[in-house]
>>> print(open('data.pdb').read())   # PDB, C-alpha atoms
ATOM      1  CA  MET A  36     121.362  39.747  93.566  1.00  0.00           C
ATOM      2  CA  ASP A  37     119.672  39.720  96.955  1.00  0.00           C
ATOM      3  CA  VAL A  38     120.596  42.404  99.509  1.00  0.00           C
ATOM      4  CA  ARG A  39     119.343  41.534 102.985  1.00  0.00           C
ATOM      5  CA  LEU A  40     120.047  41.723 106.686  1.00  0.00           C
ATOM      6  CA  ALA A  41     122.552  39.083 107.720  1.00  0.00           C
ATOM      7  CA  ASN A  42     121.787  36.190 110.012  1.00  0.00           C
ATOM      8  CA  TRP A  43     124.914  35.508 112.087  1.00  0.00           C
ATOM      9  CA  SER A  44     124.070  31.856 112.714  1.00  0.00           C
ATOM     10  CA  THR A  45     123.847  31.038 108.984  1.00  0.00           C
ATOM     11  CA  ASP A  46     126.092  33.736 107.455  1.00  0.00           C
ATOM     12  CA  LYS A  47     129.015  33.817 109.903  1.00  0.00           C
ATOM     13  CA  GLN A  48     131.438  31.804 107.759  1.00  0.00           C
ATOM     14  CA  LYS A  49     130.932  34.034 104.715  1.00  0.00           C
ATOM     15  CA  ILE A  50     131.089  37.198 106.829  1.00  0.00           C
ATOM     16  CA  MET A  51     134.387  35.969 108.289  1.00  0.00           C
ATOM     17  CA  GLU A  52     135.724  35.238 104.799  1.00  0.00           C
ATOM     18  CA  GLY A  53     134.719  38.738 103.717  1.00  0.00           C
ATOM     19  CA  ALA A  54     136.388  40.252 106.781  1.00  0.00           C
ATOM     20  CA  MET A  55     139.597  38.341 106.129  1.00  0.00           C
ATOM     21  CA  ASP A  56     139.575  39.414 102.460  1.00  0.00           C
ATOM     22  CA  PHE A  57     139.008  43.041 103.446  1.00  0.00           C
ATOM     23  CA  ILE A  58     141.763  42.958 106.075  1.00  0.00           C
ATOM     24  CA  ALA A  59     144.200  41.446 103.572  1.00  0.00           C
ATOM     25  CA  ARG A  60     143.651  44.499 101.333  1.00  0.00           C
ATOM     26  CA  MET A  61     144.041  47.082 104.142  1.00  0.00           C
ATOM     27  CA  ASP A  62     147.285  48.978 104.531  1.00  0.00           C
ATOM     28  CA  SER A  63     146.902  49.576 108.276  1.00  0.00           C
ATOM     29  CA  LYS A  64     145.722  46.721 110.454  1.00  0.00           C
ATOM     30  CA  GLU A  65     147.762  46.876 113.644  1.00  0.00           C
ATOM     31  CA  PHE A  66     144.663  47.796 115.686  1.00  0.00           C
ATOM     32  CA  LEU A  67     142.776  44.663 114.602  1.00  0.00           C
ATOM     33  CA  PRO A  68     142.834  41.259 116.346  1.00  0.00           C
ATOM     34  CA  ASP A  69     145.990  39.212 115.799  1.00  0.00           C
ATOM     35  CA  SER A  70     144.397  35.906 114.836  1.00  0.00           C
ATOM     36  CA  GLU A  71     141.403  34.584 112.939  1.00  0.00           C
ATOM     37  CA  ALA A  72     139.976  33.195 116.202  1.00  0.00           C
ATOM     38  CA  GLU A  73     140.245  36.616 117.886  1.00  0.00           C
ATOM     39  CA  LEU A  74     138.650  38.266 114.834  1.00  0.00           C
ATOM     40  CA  PHE A  75     135.787  35.763 114.971  1.00  0.00           C
ATOM     41  CA  ASP A  76     135.265  36.560 118.664  1.00  0.00           C
ATOM     42  CA  ALA A  77     135.322  40.311 117.927  1.00  0.00           C
ATOM     43  CA  ILE A  78     132.800  40.056 115.088  1.00  0.00           C
ATOM     44  CA  SER A  79     130.579  37.761 117.188  1.00  0.00           C
ATOM     45  CA  ARG A  80     130.640  40.295 120.030  1.00  0.00           C
ATOM     46  CA  VAL A  81     129.828  43.209 117.708  1.00  0.00           C
ATOM     47  CA  MET A  82     127.014  41.284 116.006  1.00  0.00           C
ATOM     48  CA  ALA A  83     125.389  40.673 119.418  1.00  0.00           C
ATOM     49  CA  TYR A  84     124.839  44.391 120.079  1.00  0.00           C
ATOM     50  CA  GLU A  85     121.202  45.449 119.611  1.00  0.00           C
ATOM     51  CA  PHE A  86     122.259  48.618 117.811  1.00  0.00           C
ATOM     52  CA  VAL A  87     124.397  46.824 115.178  1.00  0.00           C
ATOM     53  CA  GLU A  88     123.164  45.333 111.924  1.00  0.00           C
ATOM     54  CA  VAL A  89     125.045  43.682 109.110  1.00  0.00           C
ATOM     55  CA  THR A  90     123.653  43.744 105.600  1.00  0.00           C
ATOM     56  CA  VAL A  91     124.937  41.285 103.012  1.00  0.00           C
ATOM     57  CA  ALA A  92     124.757  41.012  99.246  1.00  0.00           C
ATOM     58  CA  GLU A  93     124.179  37.491  98.001  1.00  0.00           C
ATOM     59  CA  HIS A  94     124.825  36.529  94.382  1.00  0.00           C
ATOM     60  CA  SER A  95     124.406  33.009  92.972  1.00  0.00           C
ATOM     61  CA  GLY A  96     124.292  31.571  96.501  1.00  0.00           C
ATOM     62  CA  ASP A  97     127.472  33.332  97.678  1.00  0.00           C
ATOM     63  CA  ILE A  98     127.766  36.337  99.961  1.00  0.00           C
ATOM     64  CA  VAL A  99     129.853  38.753  97.906  1.00  0.00           C
ATOM     65  CA  GLY A 100     129.725  41.860 100.097  1.00  0.00           C
ATOM     66  CA  GLY A 101     128.508  43.312 103.343  1.00  0.00           C
ATOM     67  CA  ILE A 102     128.185  46.424 105.461  1.00  0.00           C
ATOM     68  CA  GLY A 103     128.129  46.613 109.254  1.00  0.00           C
ATOM     69  CA  MET A 104     126.257  49.608 110.680  1.00  0.00           C
ATOM     70  CA  SER A 105     125.591  50.944 114.157  1.00  0.00           C
ATOM     71  CA  TYR A 106     122.525  53.057 114.901  1.00  0.00           C
ATOM     72  CA  VAL A 107     123.118  55.219 117.954  1.00  0.00           C
ATOM     73  CA  PRO A 108     122.295  58.715 119.211  1.00  0.00           C
ATOM     74  CA  SER A 109     125.016  61.248 118.571  1.00  0.00           C
ATOM     75  CA  LEU A 110     127.164  61.987 121.614  1.00  0.00           C
ATOM     76  CA  TRP A 111     126.930  65.689 120.763  1.00  0.00           C
ATOM     77  CA  ASN A 112     123.208  65.823 119.988  1.00  0.00           C
ATOM     78  CA  PRO A 113     121.131  62.921 121.344  1.00  0.00           C
ATOM     79  CA  LYS A 114     118.191  63.979 119.151  1.00  0.00           C
ATOM     80  CA  ALA A 115     120.292  63.023 116.109  1.00  0.00           C
ATOM     81  CA  VAL A 116     120.565  59.290 115.439  1.00  0.00           C
ATOM     82  CA  MET A 117     123.731  58.345 113.584  1.00  0.00           C
ATOM     83  CA  ALA A 118     123.886  55.445 111.138  1.00  0.00           C
ATOM     84  CA  GLU A 119     127.613  54.814 111.240  1.00  0.00           C
ATOM     85  CA  GLU A 120     129.547  52.368 109.119  1.00  0.00           C
ATOM     86  CA  LEU A 121     131.634  49.910 111.122  1.00  0.00           C
ATOM     87  CA  PHE A 122     132.978  48.038 108.108  1.00  0.00           C
ATOM     88  CA  TRP A 123     132.119  47.174 104.552  1.00  0.00           C
ATOM     89  CA  TRP A 124     133.544  45.099 101.796  1.00  0.00           C
ATOM     90  CA  ALA A 125     132.811  43.726  98.354  1.00  0.00           C
ATOM     91  CA  SER A 126     134.717  40.694  97.113  1.00  0.00           C
ATOM     92  CA  LYS A 127     136.787  40.872  93.948  1.00  0.00           C
ATOM     93  CA  GLU A 128     134.326  38.424  92.364  1.00  0.00           C
ATOM     94  CA  ALA A 129     131.276  40.554  93.206  1.00  0.00           C
ATOM     95  CA  PRO A 130     129.241  42.014  90.341  1.00  0.00           C
ATOM     96  CA  ASN A 131     130.057  45.671  89.602  1.00  0.00           C
ATOM     97  CA  THR A 132     126.769  46.863  91.120  1.00  0.00           C
ATOM     98  CA  THR A 133     127.297  45.176  94.508  1.00  0.00           C
ATOM     99  CA  SER A 134     128.655  48.178  96.415  1.00  0.00           C
ATOM    100  CA  LEU A 135     126.032  50.533  95.060  1.00  0.00           C
ATOM    101  CA  ARG A 136     123.215  48.102  95.902  1.00  0.00           C
ATOM    102  CA  LEU A 137     124.536  47.671  99.444  1.00  0.00           C
ATOM    103  CA  LEU A 138     124.820  51.432  99.937  1.00  0.00           C
ATOM    104  CA  ARG A 139     121.313  52.074  98.606  1.00  0.00           C
ATOM    105  CA  PHE A 140     119.906  49.397 100.929  1.00  0.00           C
ATOM    106  CA  ILE A 141     121.715  50.956 103.893  1.00  0.00           C
ATOM    107  CA  LYS A 142     120.469  54.435 103.063  1.00  0.00           C
ATOM    108  CA  SER A 143     116.877  53.163 102.966  1.00  0.00           C
ATOM    109  CA  ARG A 144     117.346  50.996 106.049  1.00  0.00           C
ATOM    110  CA  ALA A 145     118.898  53.822 108.081  1.00  0.00           C
ATOM    111  CA  SER A 146     115.959  56.059 107.281  1.00  0.00           C
ATOM    112  CA  SER A 147     113.450  53.341 108.206  1.00  0.00           C
ATOM    113  CA  VAL A 148     115.023  52.808 111.650  1.00  0.00           C
ATOM    114  CA  GLY A 149     114.931  56.533 112.411  1.00  0.00           C
ATOM    115  CA  ALA A 150     118.495  57.605 111.671  1.00  0.00           C
ATOM    116  CA  ASN A 151     119.013  61.269 110.769  1.00  0.00           C
ATOM    117  CA  PHE A 152     122.582  61.048 109.486  1.00  0.00           C
ATOM    118  CA  LEU A 153     124.812  58.593 107.612  1.00  0.00           C
ATOM    119  CA  SER A 154     128.521  58.321 108.301  1.00  0.00           C
ATOM    120  CA  PHE A 155     130.911  56.328 106.105  1.00  0.00           C
ATOM    121  CA  LYS A 156     134.687  56.112 106.152  1.00  0.00           C
ATOM    122  CA  ARG A 157     137.308  56.145 103.443  1.00  0.00           C
ATOM    123  CA  LEU A 158     140.508  54.343 104.337  1.00  0.00           C
ATOM    124  CA  THR A 159     143.824  55.134 102.730  1.00  0.00           C
ATOM    125  CA  SER A 160     143.523  51.689 101.110  1.00  0.00           C
ATOM    126  CA  SER A 161     139.951  52.270  99.876  1.00  0.00           C
ATOM    127  CA  PRO A 162     139.372  52.184  96.119  1.00  0.00           C
ATOM    128  CA  LYS A 163     139.918  55.595  94.536  1.00  0.00           C
ATOM    129  CA  GLY A 164     136.298  56.039  93.450  1.00  0.00           C
ATOM    130  CA  VAL A 165     134.720  55.542  96.872  1.00  0.00           C
ATOM    131  CA  SER A 166     134.634  59.283  97.634  1.00  0.00           C
ATOM    132  CA  LYS A 167     132.645  59.937  94.464  1.00  0.00           C
ATOM    133  CA  VAL A 168     130.186  57.178  95.381  1.00  0.00           C
ATOM    134  CA  TYR A 169     129.671  58.742  98.822  1.00  0.00           C
ATOM    135  CA  GLU A 170     129.189  62.180  97.281  1.00  0.00           C
ATOM    136  CA  ARG A 171     126.575  60.764  94.873  1.00  0.00           C
ATOM    137  CA  MET A 172     124.737  59.498  97.964  1.00  0.00           C
ATOM    138  CA  GLY A 173     124.567  63.083  99.232  1.00  0.00           C
ATOM    139  CA  LEU A 174     127.404  62.701 101.738  1.00  0.00           C
ATOM    140  CA  ARG A 175     130.251  65.169 102.074  1.00  0.00           C
ATOM    141  CA  GLU A 176     133.728  64.826 103.497  1.00  0.00           C
ATOM    142  CA  ILE A 177     133.956  66.529 106.880  1.00  0.00           C
ATOM    143  CA  GLU A 178     136.852  64.878 108.686  1.00  0.00           C
ATOM    144  CA  THR A 179     140.214  63.190 108.259  1.00  0.00           C
ATOM    145  CA  THR A 180     141.333  60.825 110.998  1.00  0.00           C
ATOM    146  CA  PHE A 181     144.927  60.189 112.054  1.00  0.00           C
ATOM    147  CA  MET A 182     145.810  57.102 114.062  1.00  0.00           C
ATOM    148  CA  GLY A 183     148.964  55.575 115.486  1.00  0.00           C
ATOM    149  CA  GLY A 184     150.107  53.266 118.223  1.00  0.00           C
ATOM    150  CA  LEU A 185     151.355  54.406 121.610  1.00  0.00           C
TER     151      LEU A 185
END
>>> encode(input="data.pdb", output="structure tokens")
Amino acid sequence: MDVRLANWSTDKQKIMEGAMDFIARMDSKEFLPDSEAELFDAISRVMAYEFVEVTVAEHSGDIVGGIGMSYVPSLWNPKAVMAEELFWWASKEAPNTTSLRLLRFIKSRASSVGANFLSFKRLTSSPKGVSKVYERMGLREIETTFMGGL
């Protein structure tokens, strides 16, 4: 398996497929774009930001997972650079080690670009074991987020 930074021009179709797969498994998606075309535009816009990177896991020629990260100074402490997860997914066909390999790559990458802190999310639809994986990475749960429409 190869874990690498994504190239939007060559990887966009597989990233879109991964996004659609992830969204199909979410239990709360009302805040996301309504159509595949709008989702493509949103991902294209996000990928164009200098402070955003997407890492993908490629297995047997297929992209089977990915993580989008932003690297920005904390609003509360500009000396602290936050590596914050925007999204991540692993396909159902991905080898069992895919998520762990992606997370290890991100942890190393975040450190190499000068980040001081990692921030990952756990959705209500996330697999049950994701909290334990985060804890094994040295992360701890510090917040629960509530969201609803107005």
>>> resolve_selection(input="data.pdb", expression="the PyMOL selection byres ((chain A and resi 136) around 12)", output="PyMOL selection string")
chain A and resi 36-39+90-94+99-102+125+129-135+137-143+168+172
>>> atom_distance(input="data.pdb", atom1="atom CA of A:Glu176", atom2="atom CA of A:Leu158")
12.5 Å
>>> resolve_selection(input="data.pdb", expression="the PyMOL selection byres ((chain A and resi 58) around 12)", output="PyMOL selection string")
chain A and resi 51-57+59-71+74+122-126+158+160-161
>>> resolve_selection(input="data.pdb", expression="the PyMOL selection byres ((chain A and resi 148) around 12)", output="list in words")
Phe86, Val87, Glu88, Met104, Ser105, Tyr106, Val107, Val116, Met117, Ala118, Ile141, Lys142, Ser143, Arg144, Ala145, Ser146, Ser147, Gly149, Ala150, Asn151 and Phe152 of chain A
>>> atom_distance(input="data.pdb", atom1="atom CA of A:Thr159", atom2="atom CA of A:Ile78")
22.4 Å
>>> atom_distance(input="data.pdb", atom1="atom CA of A:Tyr169", atom2="atom CA of A:Lys156")
9.3 Å
>>> residues_around(input="data.pdb", residues="A:Trp43", least_positions_apart="3", cutoff="12 Å", atoms="only C-alpha atoms", output="VMD selection string")
chain A and resid 40 46 to 51 75 78 to 84 87 to 91 103
>>> write_last_selection(input="data.pdb", atoms="C-alpha atoms", output="PDB file, keeping the file's coordinate frame")
ATOM      1  CA  LEU A  40     120.047  41.723 106.686  1.00  0.00           C
ATOM      2  CA  ASP A  46     126.092  33.736 107.455  1.00  0.00           C
ATOM      3  CA  LYS A  47     129.015  33.817 109.903  1.00  0.00           C
ATOM      4  CA  GLN A  48     131.438  31.804 107.759  1.00  0.00           C
ATOM      5  CA  LYS A  49     130.932  34.034 104.715  1.00  0.00           C
ATOM      6  CA  ILE A  50     131.089  37.198 106.829  1.00  0.00           C
ATOM      7  CA  MET A  51     134.387  35.969 108.289  1.00  0.00           C
ATOM      8  CA  PHE A  75     135.787  35.763 114.971  1.00  0.00           C
ATOM      9  CA  ILE A  78     132.800  40.056 115.088  1.00  0.00           C
ATOM     10  CA  SER A  79     130.579  37.761 117.188  1.00  0.00           C
ATOM     11  CA  ARG A  80     130.640  40.295 120.030  1.00  0.00           C
ATOM     12  CA  VAL A  81     129.828  43.209 117.708  1.00  0.00           C
ATOM     13  CA  MET A  82     127.014  41.284 116.006  1.00  0.00           C
ATOM     14  CA  ALA A  83     125.389  40.673 119.418  1.00  0.00           C
ATOM     15  CA  TYR A  84     124.839  44.391 120.079  1.00  0.00           C
ATOM     16  CA  VAL A  87     124.397  46.824 115.178  1.00  0.00           C
ATOM     17  CA  GLU A  88     123.164  45.333 111.924  1.00  0.00           C
ATOM     18  CA  VAL A  89     125.045  43.682 109.110  1.00  0.00           C
ATOM     19  CA  THR A  90     123.653  43.744 105.600  1.00  0.00           C
ATOM     20  CA  VAL A  91     124.937  41.285 103.012  1.00  0.00           C
ATOM     21  CA  GLY A 103     128.129  46.613 109.254  1.00  0.00           C
TER      22      GLY A 103
END
